[in-house]
Amino acid sequence: MEMDWPAPVVSVLNTLEAGGYEAYLVGGCVRDRLLGRPVTDFDVATNATPDQVVSLFPRTVPTGLKHGTVTVLSEGLPVEVTTYRKDIGYSDGRRPDKVAFCHSLEEDLSRRDFTVNAMAMDVRGHIVDCFGGRSDLARRVIRAVGVPSHRFQEDGLRILRAFRFAAQLGFQLDDDTWRGMEQNAEKLRAVSPERIGVEVAKIAAADWSAVIDSMAKSEIWAYVDPHLRPLQQGFKRLSTAAKSLQSWMKPHAVEDRIAEALAIWCHAAGLTPTSCRAMGRALRWSNQYCQEAGDFLELLQANPLKWSTWEWRRHLFEFGEGRVERACAALDIWENVGDDHRPRWTLFREYAQTQPIWRVQDLQISGQDIVALGARGPLVGQVKQQLTEDVLMKRVLNDRSHLLKRATALIHSLAGGTTFDFTDG
Ligand code: ATP
Ligand code: MG
């Protein structure tokens with residue numbers, strides 16, 4: 001089969017072969033290439049030892065020598081070259097006790113998790129597929145290499161990887177593989193929160209509606225961090241709305257999708273924004289993701305249909321246009337699966353069109369202006385905050401001369417300690 005791999009990748013394969021070694025692209029890049037999906041990472045397997053690999057290329061980085069991995073910088077493109085290896089013993093259910101280099105590609109492929117990840121391709125496009133990966137790609141199935149229950153026993157993370165690949169590729173879980181996952185659910189106990197968090201984020205960014213029913217009936221929840229357990233209930237309750245919500249989210253930026261998915265799952269599970277943020281932390285997600293998921297959940301729980309004009313302006317200002325729009329759209333879709341009724345989103349559009357100010361920075365007066373009017377210290381901030389509220393409430397126009405006048409009055413009253421009548425003017 002003719003395959004156009006990028007020139008720097010071809011050059012790595014050719015150099016290894018010219019040195020007398022075997023060289024194959026393996027894993028995700030072969031899978032994605034055969035599926036016609038974009039490929040970003042190129043993993044090469046070879047029978048050359050890491051030292052031999054280093055000696056063949058002018059620019060290499062010893063990324064994981066212990067595991068046999070050398071990164072070759074080929075015309076600036078990083079290509080991971082790993083010596084054929086087999087994993088020996090998995091006494092902790094997390095990682096091999098030892099890795100040993102081996103001589104055959106087949107042995108290297110047999111340690112890989114799923115058949116669709118266990119194919120190799122040489123520079124001429126010849127495919128090595130010992131475990132039926134191509135037929136599983138065609139059937140759209142995630143199936144473990146070898147005896148499923150052994151493979152999940154070796155490494156509990158593979159259970160989440162199975163859900164993740166099914167979500168990313170829109171594949172079904174093979175029946176025996178599913179049984180193997182369930183029999184070994186407790187193996188997740190040994191998996192670090194960071195690795196769990198990475199997989200859950202990848203599921204959140206992918207088509208999670210494809211795996212929501214299996215995740216809802218899975219045993220894994222008893223063996224993960226207690227903060228994550230309510231997700232199971234959320235998945236159960238979401239089941240019918242999941243497809244519509246997920247396809248609506250599809251075009252959003254990946255960071256938005258991850259935070260939104262967590263908030264939607266938590267909303268279905270009946271959790272508070274505080275518990276949602278705690279769940280994000282239990283997954284070791286960045287503060288930004290945790291914060292955004294919590295904010296989005298706050299909006300999902302706020303009922304925009306009942307907001308007053310003031311509340312609309314306040315929420316638009318505090319949460320930003322995009323997030324409020326997305327919360328309104330999500331709630332409409334959730335409640336009206338299958339029809340085009342969009343009451344919250346329609347309200348959003350009306351209020352967004354007349355929103356007087358979106359950010360403090362848009363105020364047509366600066367801190368320096370306020371200082372020039374005689375304010376000092378914390379008073380400057382107080383005046384700015386009050387001016388923002390005044391503009392939001394349309395008590396004053398967001399234009400410089402009106403704001404200067406208003407600021408003068410505010411400084412006078414706030415500094416003088418008298419109560420200022422904000423409804424005036
Ligand atoms: P992507 O990079 O798109 O997430 P990938 O298939 O490249 O997908 P990686 O996690 O980068 O996945 O791993 C590269 C390859 O290494 C996999 O395709 C698989 O063959 C093998 N692999 C990775 N993790 C495991 C694991 N826990 N158990 C067995 N094999 C694994
Ligand atoms: Mg990869």
# chains A, B, ... in the order shown; residues from 1 in each chain; ligands from 1
$ residues_around --residues "stretch 21-25 of chain A" --least-positions-apart "2" --cutoff "8 Å" --atoms "only C-alpha atoms" --output "VMD selection string"
chain A and resid 13 16 to 19 27 29 to 30 42 to 48 120 to 123
$ residues_around --residues "stretch 293-298 of chain A" --least-positions-apart "3" --cutoff "10 Å" --atoms "only C-alpha atoms" --output "short mmCIF file (atom, residue, chain, number, x, y, z; two decimals) with C-alpha atoms, in the first residue's frame"
data_model
loop_
_atom_site.label_atom_id
_atom_site.label_comp_id
_atom_site.auth_asym_id
_atom_site.auth_seq_id
_atom_site.Cartn_x
_atom_site.Cartn_y
_atom_site.Cartn_z
CA ASP A 256 -13.86 24.68 26.35
CA ARG A 257 -15.15 21.23 25.53
CA ILE A 258 -13.26 19.59 28.38
CA ALA A 259 -14.53 22.04 31.00
CA GLU A 260 -18.05 22.05 29.56
CA ALA A 261 -18.26 18.26 29.51
CA LEU A 262 -17.24 18.02 33.16
CA ALA A 263 -19.81 20.68 34.12
CA ILE A 264 -22.55 18.93 32.14
CA TRP A 265 -21.73 15.58 33.74
CA CYS A 266 -21.73 17.19 37.19
CA HIS A 267 -25.01 18.98 36.50
CA LEU A 271 -23.32 18.25 42.13
CA THR A 272 -22.52 21.78 43.27
CA PRO A 273 -19.88 23.91 41.52
CA THR A 274 -17.64 23.36 44.56
CA SER A 275 -17.81 19.57 44.16
CA CYS A 276 -17.26 19.95 40.44
CA ARG A 277 -14.05 21.93 41.03
CA ALA A 278 -12.97 19.35 43.61
CA MET A 279 -13.54 16.64 41.02
CA GLY A 280 -11.32 18.53 38.58
CA ASN A 287 -6.65 25.28 37.95
CA GLN A 288 -7.98 26.90 34.84
CA TYR A 289 -9.98 23.81 33.80
CA CYS A 290 -11.31 23.32 37.35
CA GLN A 301 -27.72 25.85 37.59
CA ALA A 302 -28.73 29.50 37.46
CA ASN A 303 -31.95 29.35 35.38
CA GLU A 318 -18.93 38.29 34.99
CA PHE A 319 -18.91 35.11 32.95
CA ARG A 323 -19.78 31.17 28.29
CA VAL A 324 -23.27 32.55 28.93
CA ARG A 326 -22.99 28.26 25.65
CA ALA A 327 -24.77 27.68 28.97
#
$ closest_residue --among "A:Asn14, A:Asn117, A:Ser413, A:Gln232" --to "ligand 2" --atoms "only C-alpha atoms and all ligand atoms"
A:Asn117
$ atom_distance --atom1 "atom 12 (O, counted along the ligand's line) of ligand 1" --atom2 "atom CA of A:Gly64"
15.9 Å
$ closest_residue --among "A:Arg161, A:Arg395, A:Arg33, A:His227" --to "A:Arg143" --atoms "only C-alpha atoms"
A:Arg161
$ residues_near_ligand --ligand "ligand 1" --cutoff "6 Å" --atoms "only C-alpha atoms and all ligand atoms" --output "PDB file with C-alpha atoms, in the first residue's frame"
ATOM      1  CA  GLY A  27       0.811   2.328  17.138  1.00  0.00           C
ATOM      2  CA  GLY A  28      -1.373   5.404  16.870  1.00  0.00           C
ATOM      3  CA  ARG A 111       2.640  -6.092  24.470  1.00  0.00           C
ATOM      4  CA  ARG A 112       0.465  -3.307  23.045  1.00  0.00           C
ATOM      5  CA  ASP A 113      -3.011  -2.711  24.410  1.00  0.00           C
ATOM      6  CA  ASN A 117      -2.860   0.055  18.227  1.00  0.00           C
ATOM      7  CA  ALA A 118      -0.775  -3.033  17.496  1.00  0.00           C
ATOM      8  CA  ARG A 158      -5.995   0.245  29.847  1.00  0.00           C
TER       9      ARG A 158
END
$ select_by_dssp --residues "stretch 48-169 of chain A" --states "strand (DSSP E or B)" --output "MDAnalysis selection string"
chainID A and resid 60:64 69:74 77:83 85:88 98:101 114 120:121 127:128 141:142 144
$ write_last_selection --atoms "N, CA, C and O atoms" --output "compact mmCIF listing (two decimals), in the first residue's frame"
# COMPACT_ATOMS: atom_id res chain seq x y z
N THR A 60 19.78 13.82 18.32
CA THR A 60 18.88 12.93 19.07
C THR A 60 18.74 13.45 20.50
O THR A 60 19.61 14.17 20.99
N VAL A 61 17.64 13.09 21.12
CA VAL A 61 17.43 13.42 22.53
C VAL A 61 17.15 12.10 23.25
O VAL A 61 16.27 11.35 22.82
N PRO A 62 17.87 11.83 24.35
CA PRO A 62 17.64 10.55 25.06
C PRO A 62 16.39 10.65 25.92
O PRO A 62 16.46 10.74 27.14
N THR A 63 15.21 10.57 25.30
CA THR A 63 13.95 10.83 25.99
C THR A 63 13.66 9.81 27.08
O THR A 63 13.24 10.15 28.17
N GLY A 64 13.84 8.53 26.75
CA GLY A 64 13.50 7.50 27.73
C GLY A 64 14.40 6.30 27.52
O GLY A 64 13.92 5.22 27.19
N THR A 69 13.73 4.43 24.39
CA THR A 69 13.24 5.47 23.47
C THR A 69 14.25 6.59 23.26
O THR A 69 14.77 7.17 24.22
N VAL A 70 14.51 6.88 22.00
CA VAL A 70 15.36 8.00 21.62
C VAL A 70 14.52 8.88 20.70
O VAL A 70 13.87 8.36 19.80
N THR A 71 14.51 10.19 20.94
CA THR A 71 13.81 11.06 20.01
C THR A 71 14.80 11.56 18.96
O THR A 71 15.82 12.15 19.31
N VAL A 72 14.49 11.28 17.72
CA VAL A 72 15.35 11.74 16.63
C VAL A 72 14.74 13.04 16.10
O VAL A 72 13.54 13.10 15.82
N LEU A 73 15.57 14.09 16.02
CA LEU A 73 15.07 15.32 15.42
C LEU A 73 15.45 15.28 13.95
O LEU A 73 16.60 15.43 13.58
N SER A 74 14.44 15.04 13.14
CA SER A 74 14.68 14.85 11.72
C SER A 74 14.14 16.07 11.00
O SER A 74 12.92 16.27 10.95
N LEU A 77 11.58 17.79 12.91
CA LEU A 77 10.41 17.02 13.38
C LEU A 77 10.85 15.94 14.36
O LEU A 77 11.72 15.13 14.04
N PRO A 78 10.26 15.93 15.59
CA PRO A 78 10.64 14.88 16.52
C PRO A 78 9.99 13.54 16.14
O PRO A 78 8.79 13.48 15.93
N VAL A 79 10.80 12.51 16.05
CA VAL A 79 10.29 11.17 15.75
C VAL A 79 10.80 10.26 16.87
O VAL A 79 12.01 10.19 17.11
N GLU A 80 9.88 9.61 17.58
CA GLU A 80 10.29 8.74 18.69
C GLU A 80 10.68 7.38 18.15
O GLU A 80 9.87 6.70 17.53
N VAL A 81 11.91 6.99 18.41
CA VAL A 81 12.39 5.69 17.94
C VAL A 81 12.61 4.80 19.16
O VAL A 81 13.36 5.15 20.06
N THR A 82 11.89 3.69 19.21
CA THR A 82 11.96 2.81 20.38
C THR A 82 12.41 1.41 19.96
O THR A 82 11.89 0.86 18.98
N THR A 83 13.35 0.89 20.71
CA THR A 83 13.83 -0.47 20.45
C THR A 83 12.72 -1.48 20.79
O THR A 83 12.03 -1.30 21.80
N ARG A 85 10.63 -4.09 22.37
CA ARG A 85 10.78 -4.51 23.77
C ARG A 85 9.59 -5.34 24.19
O ARG A 85 8.52 -5.33 23.58
N LYS A 86 9.80 -6.05 25.27
CA LYS A 86 8.68 -6.76 25.89
C LYS A 86 8.64 -6.33 27.34
O LYS A 86 9.67 -5.93 27.91
N ASP A 87 7.45 -6.37 27.91
CA ASP A 87 7.31 -5.95 29.29
C ASP A 87 7.27 -7.20 30.15
O ASP A 87 6.64 -8.18 29.79
N ILE A 88 8.00 -7.15 31.27
CA ILE A 88 8.08 -8.36 32.10
C ILE A 88 7.46 -8.11 33.47
O ILE A 88 7.90 -7.19 34.18
N LYS A 98 9.87 -4.76 34.72
CA LYS A 98 11.10 -4.63 33.96
C LYS A 98 10.74 -4.54 32.49
O LYS A 98 9.74 -5.13 32.07
N VAL A 99 11.50 -3.82 31.70
CA VAL A 99 11.31 -3.96 30.26
C VAL A 99 12.59 -4.54 29.70
O VAL A 99 13.68 -4.25 30.19
N ALA A 100 12.44 -5.41 28.71
CA ALA A 100 13.63 -6.02 28.13
C ALA A 100 13.55 -5.82 26.63
O ALA A 100 12.48 -5.87 26.05
N PHE A 101 14.69 -5.55 26.02
CA PHE A 101 14.71 -5.43 24.58
C PHE A 101 14.52 -6.82 23.99
O PHE A 101 14.92 -7.81 24.59
N PHE A 114 -4.39 -2.56 22.39
CA PHE A 114 -5.54 -2.94 21.56
C PHE A 114 -5.08 -3.28 20.15
O PHE A 114 -4.07 -2.75 19.67
N ALA A 120 1.95 -2.38 12.54
CA ALA A 120 3.19 -1.70 12.16
C ALA A 120 3.22 -1.57 10.64
O ALA A 120 2.58 -2.35 9.93
N MET A 121 3.95 -0.57 10.15
CA MET A 121 4.04 -0.36 8.71
C MET A 121 5.46 0.09 8.36
O MET A 121 6.00 0.96 9.03
N ILE A 127 2.25 -3.67 5.68
CA ILE A 127 1.66 -3.66 7.02
C ILE A 127 1.88 -4.98 7.74
O ILE A 127 1.68 -6.05 7.15
N VAL A 128 2.31 -4.92 8.99
CA VAL A 128 2.41 -6.11 9.83
C VAL A 128 1.26 -6.03 10.83
O VAL A 128 1.17 -5.10 11.62
N VAL A 141 -14.16 -1.70 16.09
CA VAL A 141 -14.19 -2.34 17.40
C VAL A 141 -12.88 -2.12 18.14
O VAL A 141 -11.81 -2.20 17.55
N ILE A 142 -12.97 -1.87 19.45
CA ILE A 142 -11.79 -1.84 20.32
C ILE A 142 -11.68 -3.21 20.97
O ILE A 142 -12.58 -3.62 21.71
N ALA A 144 -8.89 -6.00 22.90
CA ALA A 144 -7.58 -6.16 23.52
C ALA A 144 -6.74 -7.14 22.72
O ALA A 144 -7.28 -8.07 22.10
$ select_by_dssp --residues "stretch 297-363 of chain A" --states "alpha helix (DSSP H)" --output "JSON, numbers by chain"
{"A": [297, 298, 299, 300, 309, 310, 311, 312, 313, 314, 315, 316, 317, 318, 319, 321, 322, 323, 324, 325, 326, 327, 328, 329, 330, 331, 332, 333, 334, 335, 343, 344, 345, 346, 347, 348, 349, 350, 351, 352, 353]}
$ closest_atom_pairs --of "stretch 328-350 of chain A" --to "stretch 234-246 of chain A" --cutoff "8 Å" --atoms "only C-alpha atoms" --output "tab-separated table"
residue	atom	partner	partner_atom	distance
A:Ala330	CA	A:Leu245	CA	6.6
A:Ile333	CA	A:Leu245	CA	6.6
A:Trp334	CA	A:Ala241	CA	5.8
A:Val337	CA	A:Ala241	CA	6.3
A:Gly338	CA	A:Ser244	CA	7.9
$ residues_around --residues "A:Lys202" --least-positions-apart "5" --cutoff "12 Å" --atoms "only C-alpha atoms" --output "ChimeraX atom specification"
/A:160-169,195-197,207-208,254-255,257-259,261-262,283,285
$ closest_residue --among "A:Ile365, A:Met181, A:Val211, A:Val26" --to "ligand 2" --atoms "only C-alpha atoms and all ligand atoms"
A:Val26
$ residues_around --residues "stretch 403-408 of chain A" --least-positions-apart "5" --cutoff "7 Å" --atoms "only C-alpha atoms" --output "PyMOL selection string"
chain A and resi 365+370+373+383+398
$ atom_distance --atom1 "atom CA of A:Ser308" --atom2 "atom CA of A:Ala409"
28.1 Å
$ atom_distance --atom1 "atom CA of A:Leu56" --atom2 "atom CA of A:Gly125"
22.6 Å
$ residues_around --residues "A:Val360" --least-positions-apart "4" --cutoff "9 Å" --atoms "only C-alpha atoms" --output "ChimeraX atom specification"
/A:317,384-385,388
$ residues_around --residues "A:Ser149" --least-positions-apart "2" --cutoff "7 Å" --atoms "only C-alpha atoms" --output "tab-separated table (two decimals) with N, CA, C and O atoms, in the first residue's frame"
chain	number	residue	atom	x	y	z
A	147	VAL	N	-5.45	-12.20	25.68
A	147	VAL	CA	-6.58	-12.49	26.57
A	147	VAL	C	-6.94	-11.22	27.34
A	147	VAL	O	-6.14	-10.72	28.13
A	151	ARG	N	-4.71	-8.72	30.13
A	151	ARG	CA	-4.15	-7.42	29.74
A	151	ARG	C	-4.59	-6.30	30.67
A	151	ARG	O	-3.85	-5.38	30.94
A	152	PHE	N	-5.84	-6.37	31.15
A	152	PHE	CA	-6.31	-5.33	32.08
A	152	PHE	C	-5.76	-5.57	33.48
A	152	PHE	O	-5.58	-4.64	34.25
A	153	GLN	N	-5.50	-6.86	33.77
A	153	GLN	CA	-4.87	-7.17	35.04
A	153	GLN	C	-3.46	-6.59	35.11
A	153	GLN	O	-3.03	-6.09	36.14
A	180	GLY	N	-13.47	-8.30	30.23
A	180	GLY	CA	-12.15	-8.20	30.84
A	180	GLY	C	-12.00	-6.90	31.62
A	180	GLY	O	-11.39	-6.88	32.71
A	181	MET	N	-12.54	-5.83	31.10
A	181	MET	CA	-12.47	-4.53	31.79
A	181	MET	C	-13.23	-4.62	33.11
A	181	MET	O	-12.74	-4.19	34.16
A	183	GLN	N	-14.09	-7.29	34.85
A	183	GLN	CA	-13.50	-8.22	35.82
A	183	GLN	C	-12.31	-7.61	36.54
A	183	GLN	O	-11.97	-8.03	37.64
A	184	ASN	N	-11.68	-6.63	35.91
A	184	ASN	CA	-10.47	-6.07	36.50
A	184	ASN	C	-10.62	-4.62	36.91
A	184	ASN	O	-9.63	-3.91	37.10
$ closest_residue --among "A:Met215, A:Ile203, A:Val39, A:Ala415" --to "ligand 2" --atoms "only C-alpha atoms and all ligand atoms"
A:Val39
$ decode --residues "stretch 224-242 of chain A" --atoms "N, CA, C and O atoms" --output "PDB file, in the first residue's frame"
ATOM      1  N   VAL A 224     -12.252   4.298  41.921  1.00  0.00           N
ATOM      2  CA  VAL A 224     -11.565   5.559  41.621  1.00  0.00           C
ATOM      3  C   VAL A 224     -11.738   6.508  42.800  1.00  0.00           C
ATOM      4  O   VAL A 224     -12.452   6.199  43.760  1.00  0.00           O
ATOM      5  N   ASP A 225     -11.096   7.644  42.752  1.00  0.00           N
ATOM      6  CA  ASP A 225     -11.199   8.644  43.805  1.00  0.00           C
ATOM      7  C   ASP A 225     -12.686   8.919  44.104  1.00  0.00           C
ATOM      8  O   ASP A 225     -13.487   9.097  43.192  1.00  0.00           O
ATOM      9  N   PRO A 226     -13.059   8.948  45.404  1.00  0.00           N
ATOM     10  CA  PRO A 226     -14.465   9.163  45.765  1.00  0.00           C
ATOM     11  C   PRO A 226     -15.078  10.418  45.119  1.00  0.00           C
ATOM     12  O   PRO A 226     -16.279  10.445  44.840  1.00  0.00           O
ATOM     13  N   HIS A 227     -14.264  11.437  44.853  1.00  0.00           N
ATOM     14  CA  HIS A 227     -14.801  12.636  44.213  1.00  0.00           C
ATOM     15  C   HIS A 227     -15.382  12.349  42.830  1.00  0.00           C
ATOM     16  O   HIS A 227     -16.217  13.092  42.324  1.00  0.00           O
ATOM     17  N   LEU A 228     -14.897  11.278  42.191  1.00  0.00           N
ATOM     18  CA  LEU A 228     -15.337  10.973  40.821  1.00  0.00           C
ATOM     19  C   LEU A 228     -16.568  10.073  40.789  1.00  0.00           C
ATOM     20  O   LEU A 228     -17.226   9.953  39.758  1.00  0.00           O
ATOM     21  N   ARG A 229     -16.869   9.451  41.902  1.00  0.00           N
ATOM     22  CA  ARG A 229     -17.924   8.429  41.881  1.00  0.00           C
ATOM     23  C   ARG A 229     -19.279   8.931  41.407  1.00  0.00           C
ATOM     24  O   ARG A 229     -19.988   8.228  40.690  1.00  0.00           O
ATOM     25  N   PRO A 230     -19.675  10.169  41.770  1.00  0.00           N
ATOM     26  CA  PRO A 230     -20.995  10.635  41.326  1.00  0.00           C
ATOM     27  C   PRO A 230     -21.149  10.690  39.809  1.00  0.00           C
ATOM     28  O   PRO A 230     -22.263  10.759  39.303  1.00  0.00           O
ATOM     29  N   LEU A 231     -20.038  10.655  39.076  1.00  0.00           N
ATOM     30  CA  LEU A 231     -20.136  10.702  37.612  1.00  0.00           C
ATOM     31  C   LEU A 231     -21.011   9.578  37.077  1.00  0.00           C
ATOM     32  O   LEU A 231     -21.730   9.744  36.095  1.00  0.00           O
ATOM     33  N   GLN A 232     -20.951   8.422  37.739  1.00  0.00           N
ATOM     34  CA  GLN A 232     -21.726   7.288  37.244  1.00  0.00           C
ATOM     35  C   GLN A 232     -23.222   7.639  37.176  1.00  0.00           C
ATOM     36  O   GLN A 232     -23.890   7.384  36.175  1.00  0.00           O
ATOM     37  N   GLN A 233     -23.709   8.256  38.246  1.00  0.00           N
ATOM     38  CA  GLN A 233     -25.112   8.675  38.294  1.00  0.00           C
ATOM     39  C   GLN A 233     -25.386   9.695  37.195  1.00  0.00           C
ATOM     40  O   GLN A 233     -26.407   9.654  36.511  1.00  0.00           O
ATOM     41  N   GLY A 234     -24.459  10.639  37.027  1.00  0.00           N
ATOM     42  CA  GLY A 234     -24.595  11.652  35.985  1.00  0.00           C
ATOM     43  C   GLY A 234     -24.711  11.015  34.603  1.00  0.00           C
ATOM     44  O   GLY A 234     -25.577  11.374  33.808  1.00  0.00           O
ATOM     45  N   PHE A 235     -23.850  10.044  34.335  1.00  0.00           N
ATOM     46  CA  PHE A 235     -23.888   9.380  33.028  1.00  0.00           C
ATOM     47  C   PHE A 235     -25.218   8.667  32.823  1.00  0.00           C
ATOM     48  O   PHE A 235     -25.775   8.677  31.736  1.00  0.00           O
ATOM     49  N   LYS A 236     -25.738   8.053  33.891  1.00  0.00           N
ATOM     50  CA  LYS A 236     -27.028   7.360  33.778  1.00  0.00           C
ATOM     51  C   LYS A 236     -28.118   8.348  33.395  1.00  0.00           C
ATOM     52  O   LYS A 236     -28.922   8.105  32.509  1.00  0.00           O
ATOM     53  N   ARG A 237     -28.135   9.483  34.076  1.00  0.00           N
ATOM     54  CA  ARG A 237     -29.222  10.447  33.849  1.00  0.00           C
ATOM     55  C   ARG A 237     -29.089  11.153  32.506  1.00  0.00           C
ATOM     56  O   ARG A 237     -30.069  11.631  31.949  1.00  0.00           O
ATOM     57  N   LEU A 238     -27.875  11.261  32.006  1.00  0.00           N
ATOM     58  CA  LEU A 238     -27.652  12.015  30.773  1.00  0.00           C
ATOM     59  C   LEU A 238     -28.002  11.238  29.529  1.00  0.00           C
ATOM     60  O   LEU A 238     -28.255  11.821  28.476  1.00  0.00           O
ATOM     61  N   SER A 239     -27.964   9.954  29.663  1.00  0.00           N
ATOM     62  CA  SER A 239     -27.971   9.065  28.516  1.00  0.00           C
ATOM     63  C   SER A 239     -28.712   9.590  27.279  1.00  0.00           C
ATOM     64  O   SER A 239     -28.139   9.652  26.203  1.00  0.00           O
ATOM     65  N   THR A 240     -29.987  10.023  27.399  1.00  0.00           N
ATOM     66  CA  THR A 240     -30.726  10.409  26.185  1.00  0.00           C
ATOM     67  C   THR A 240     -30.278  11.752  25.608  1.00  0.00           C
ATOM     68  O   THR A 240     -30.296  11.936  24.398  1.00  0.00           O
ATOM     69  N   ALA A 241     -29.885  12.685  26.477  1.00  0.00           N
ATOM     70  CA  ALA A 241     -29.487  14.002  25.970  1.00  0.00           C
ATOM     71  C   ALA A 241     -28.041  14.018  25.478  1.00  0.00           C
ATOM     72  O   ALA A 241     -27.619  14.965  24.814  1.00  0.00           O
ATOM     73  N   ALA A 242     -27.285  12.961  25.811  1.00  0.00           N
ATOM     74  CA  ALA A 242     -25.842  12.981  25.558  1.00  0.00           C
ATOM     75  C   ALA A 242     -25.489  13.244  24.097  1.00  0.00           C
ATOM     76  O   ALA A 242     -24.631  14.075  23.800  1.00  0.00           O
TER      77      ALA A 242
END
